[in-house]
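Since the structure comes first, as structure tokens, the remarks are kept for the end.
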Amino acid sequence: MDLTIEVAHDEHEQVRKVVLIGEIDAYTAPKLKETIVPLTEENGVEVVIDMHAISYMDSTGLGVFISALKSTKEHGSSLTFMNPQERVYRLFKITGLTEIMNIQTDYTVRGGM
Amino acid sequence: MKESFDFIEVKVPAKAEYVGVVRLSISGIANRMGFHYEEIEDLKVAISEAITNGVKHAYKGIDEGEITVGFGVYENRLEIMVADHGGSFDLSKVKEDIGPFREEDSIDELKEGGFGLFLIDALMDKVEINNRSGVIVLMTKYLHENEVAINGDQISTTQ
């Protein structure tokens, strides 16, 4: 029941790739916020979050991503989520956040949840 | 007739690190009752939201509160009670605030902690909140085993 955060920094590229492994809840969300939000504070940077290894997430995770999204608007950066598991994607969907967050999945093309 | 049920009670310190422990408990209980994988995932989120709420309230004052979680295991449903005696909140105000994000809403208005109660409501079959002394969230999820049992010729595997 923990969260591992791996950030791949490449100073020559504008992309910051973040791989998340584990669970996002009230315990792990503060650490996630401390890592993700500062990445979005650099103008022009594209933060790509690989979600495929997140086995559990609740509203505390949504809260962190809302903060990060707000930060991208302030700083002119962008935020993309890659391949959340269907259970995790469902939370973005029922809260309406799929409307404002860029989430790339293999299964949304089929239109299902 | 009085319905019989098993009751399980778990008490944890009102600290974020114990949310995952309660999640494991509910996973075990719901699995034993025969809930499907997806329903168990919903239950895990709902109970985590309720406890996260409790942790936040407890932290506002003294940080040594505890949260009591009760599981009522009935033949056709699971009732979960989450109680924190630390504080209370304005329920009518909270109700005004809950709901999904809509396209016409401004991103600036989105609150970080805004979706907890909304998710509980969306994922459970019935939710009641008692706000008189501390906060008690009572939520119910029914076992949907009727798909099989409704056909009279078939034998339900759960009995």
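Naming scheme: A, B, ... for chains in displayed order of the structure tokens; residues 1 onward per chain; ligands 1 onward as shown.
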
I need the chain B residues near chain A as JSON, numbers by chain; criterion: at most 12 Å, counting only C-alpha atoms.
{"B": [14, 15, 16, 17, 18, 19, 20, 21, 22, 23, 24, 37, 38, 39, 40, 41, 42, 43, 44, 45, 46, 47, 48, 49, 50, 51, 52, 53, 54, 55, 56, 98, 99, 100, 101, 102, 103, 104, 105, 106, 107, 108, 109, 110, 111, 112, 113, 114, 115, 116, 117, 118, 119, 120, 121, 122, 123]}

Surrounding residues of stretch 73-77 of chain B excluding itself and chain neighbours under 3 positions, 6 Å, only C-alpha atoms, as a PDB file with N, CA and C atoms, in the first residue's frame:
ATOM      1  N   PHE B   5     -27.801 -10.597  11.433  1.00  0.00           N
ATOM      2  CA  PHE B   5     -26.618 -10.149  10.698  1.00  0.00           C
ATOM      3  C   PHE B   5     -25.377 -10.308  11.564  1.00  0.00           C
ATOM      4  N   ASP B   6     -24.250 -10.360  10.919  1.00  0.00           N
ATOM      5  CA  ASP B   6     -22.975 -10.357  11.646  1.00  0.00           C
ATOM      6  C   ASP B   6     -22.459  -8.934  11.707  1.00  0.00           C
ATOM      7  N   LYS B 141     -24.553  -1.241   0.442  1.00  0.00           N
ATOM      8  CA  LYS B 141     -24.403  -1.792  -0.912  1.00  0.00           C
ATOM      9  C   LYS B 141     -25.100  -3.151  -0.935  1.00  0.00           C
ATOM     10  N   TYR B 142     -25.988  -3.333  -1.897  1.00  0.00           N
ATOM     11  CA  TYR B 142     -26.740  -4.588  -1.992  1.00  0.00           C
ATOM     12  C   TYR B 142     -25.989  -5.604  -2.835  1.00  0.00           C
ATOM     13  N   LEU B 143     -26.146  -6.838  -2.456  1.00  0.00           N
ATOM     14  CA  LEU B 143     -25.587  -7.939  -3.251  1.00  0.00           C
ATOM     15  C   LEU B 143     -26.507  -8.164  -4.442  1.00  0.00           C
TER      16      LEU B 143
END

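Pairwise distance (atom CA of B:Ala30, atom CA of B:Ser133) equals 28.5 Å.
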
Filtered DSSP result for stretch 37-81 of chain B, state strand (DSSP E), as a VMD selection string
chain B and resid 66 to 73 77 to 81

Selected residues written out with C-alpha atoms, as a JSON list (two decimals), in the first residue's frame:
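Output contents, as saved in again.json:
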[["chain", "number", "residue", "atom", "x", "y", "z"],
["B", 66, "GLU", "CA", -9.86, 7.64, 16.19],
["B", 67, "ILE", "CA", -12.31, 6.46, 13.59],
["B", 68, "THR", "CA", -14.73, 3.62, 14.18],
["B", 69, "VAL", "CA", -15.83, 1.54, 11.24],
["B", 70, "GLY", "CA", -18.70, -0.91, 11.64],
["B", 71, "PHE", "CA", -19.64, -3.53, 9.05],
["B", 72, "GLY", "CA", -23.13, -5.01, 9.16],
["B", 73, "VAL", "CA", -23.07, -8.18, 7.11],
["B", 77, "ARG", "CA", -26.40, -6.34, 1.69],
["B", 78, "LEU", "CA", -23.42, -4.81, 3.43],
["B", 79, "GLU", "CA", -23.97, -1.84, 5.68],
["B", 80, "ILE", "CA", -20.95, 0.24, 6.57],
["B", 81, "MET", "CA", -20.83, 2.82, 9.30]]

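Atom pair atom CA of A:Lys17 / atom CA of A:Met101: separated by 16.6 Å.
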
Can you pull out the residues contacting B:Ile129? Cut-off 7 Å, using only C-alpha atoms, and skip same-chain residues under 6 positions away; I want them as a list of chain:residue names.
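Non-adjacent residues within range: B:Ile136, B:Val137, B:Leu138.
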
I need the residues from that last selection saved to file as a PDB file, in the first residue's frame (with N, CA and C atoms), if you can.
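Okay, this is what ended up in part_23.pdb:
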ATOM      1  N   ILE B 136     -21.245  10.722  11.283  1.00  0.00           N
ATOM      2  CA  ILE B 136     -21.431   9.295  11.037  1.00  0.00           C
ATOM      3  C   ILE B 136     -21.955   9.120   9.617  1.00  0.00           C
ATOM      4  N   VAL B 137     -21.210   8.381   8.832  1.00  0.00           N
ATOM      5  CA  VAL B 137     -21.654   8.077   7.471  1.00  0.00           C
ATOM      6  C   VAL B 137     -22.134   6.629   7.465  1.00  0.00           C
ATOM      7  N   LEU B 138     -23.369   6.427   7.039  1.00  0.00           N
ATOM      8  CA  LEU B 138     -23.918   5.079   6.957  1.00  0.00           C
ATOM      9  C   LEU B 138     -24.208   4.795   5.495  1.00  0.00           C
TER      10      LEU B 138
END

Could you please determine the separation between atom CA of B:Val127 and atom CA of A:Tyr89 in Å, to one decimal place?
23.4 Å

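With only C-alpha atoms as the basis for measurement, A:Val45 is the residue among A:Val7, A:Ile21, A:Val37, A:Val45 that approaches A:Gly76 most closely.
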
Return the single residue from B:Met139, B:Lys126, B:Gly65, B:Gly134 that is closest to B:His85, with distances computed using only C-alpha atoms.
B:Gly134

Of the candidates A:Leu3, A:Val47, A:Met82, A:Leu32, which shows the shortest atom-to-atom distance to A:Arg16, using only C-alpha atoms?
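Closest residue, counting only C-alpha atoms: A:Val47.
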
DSSP alpha helix (DSSP H) residues within chain A, listed as a VMD selection string:
chain A and resid 29 to 39 59 to 75 86 to 94
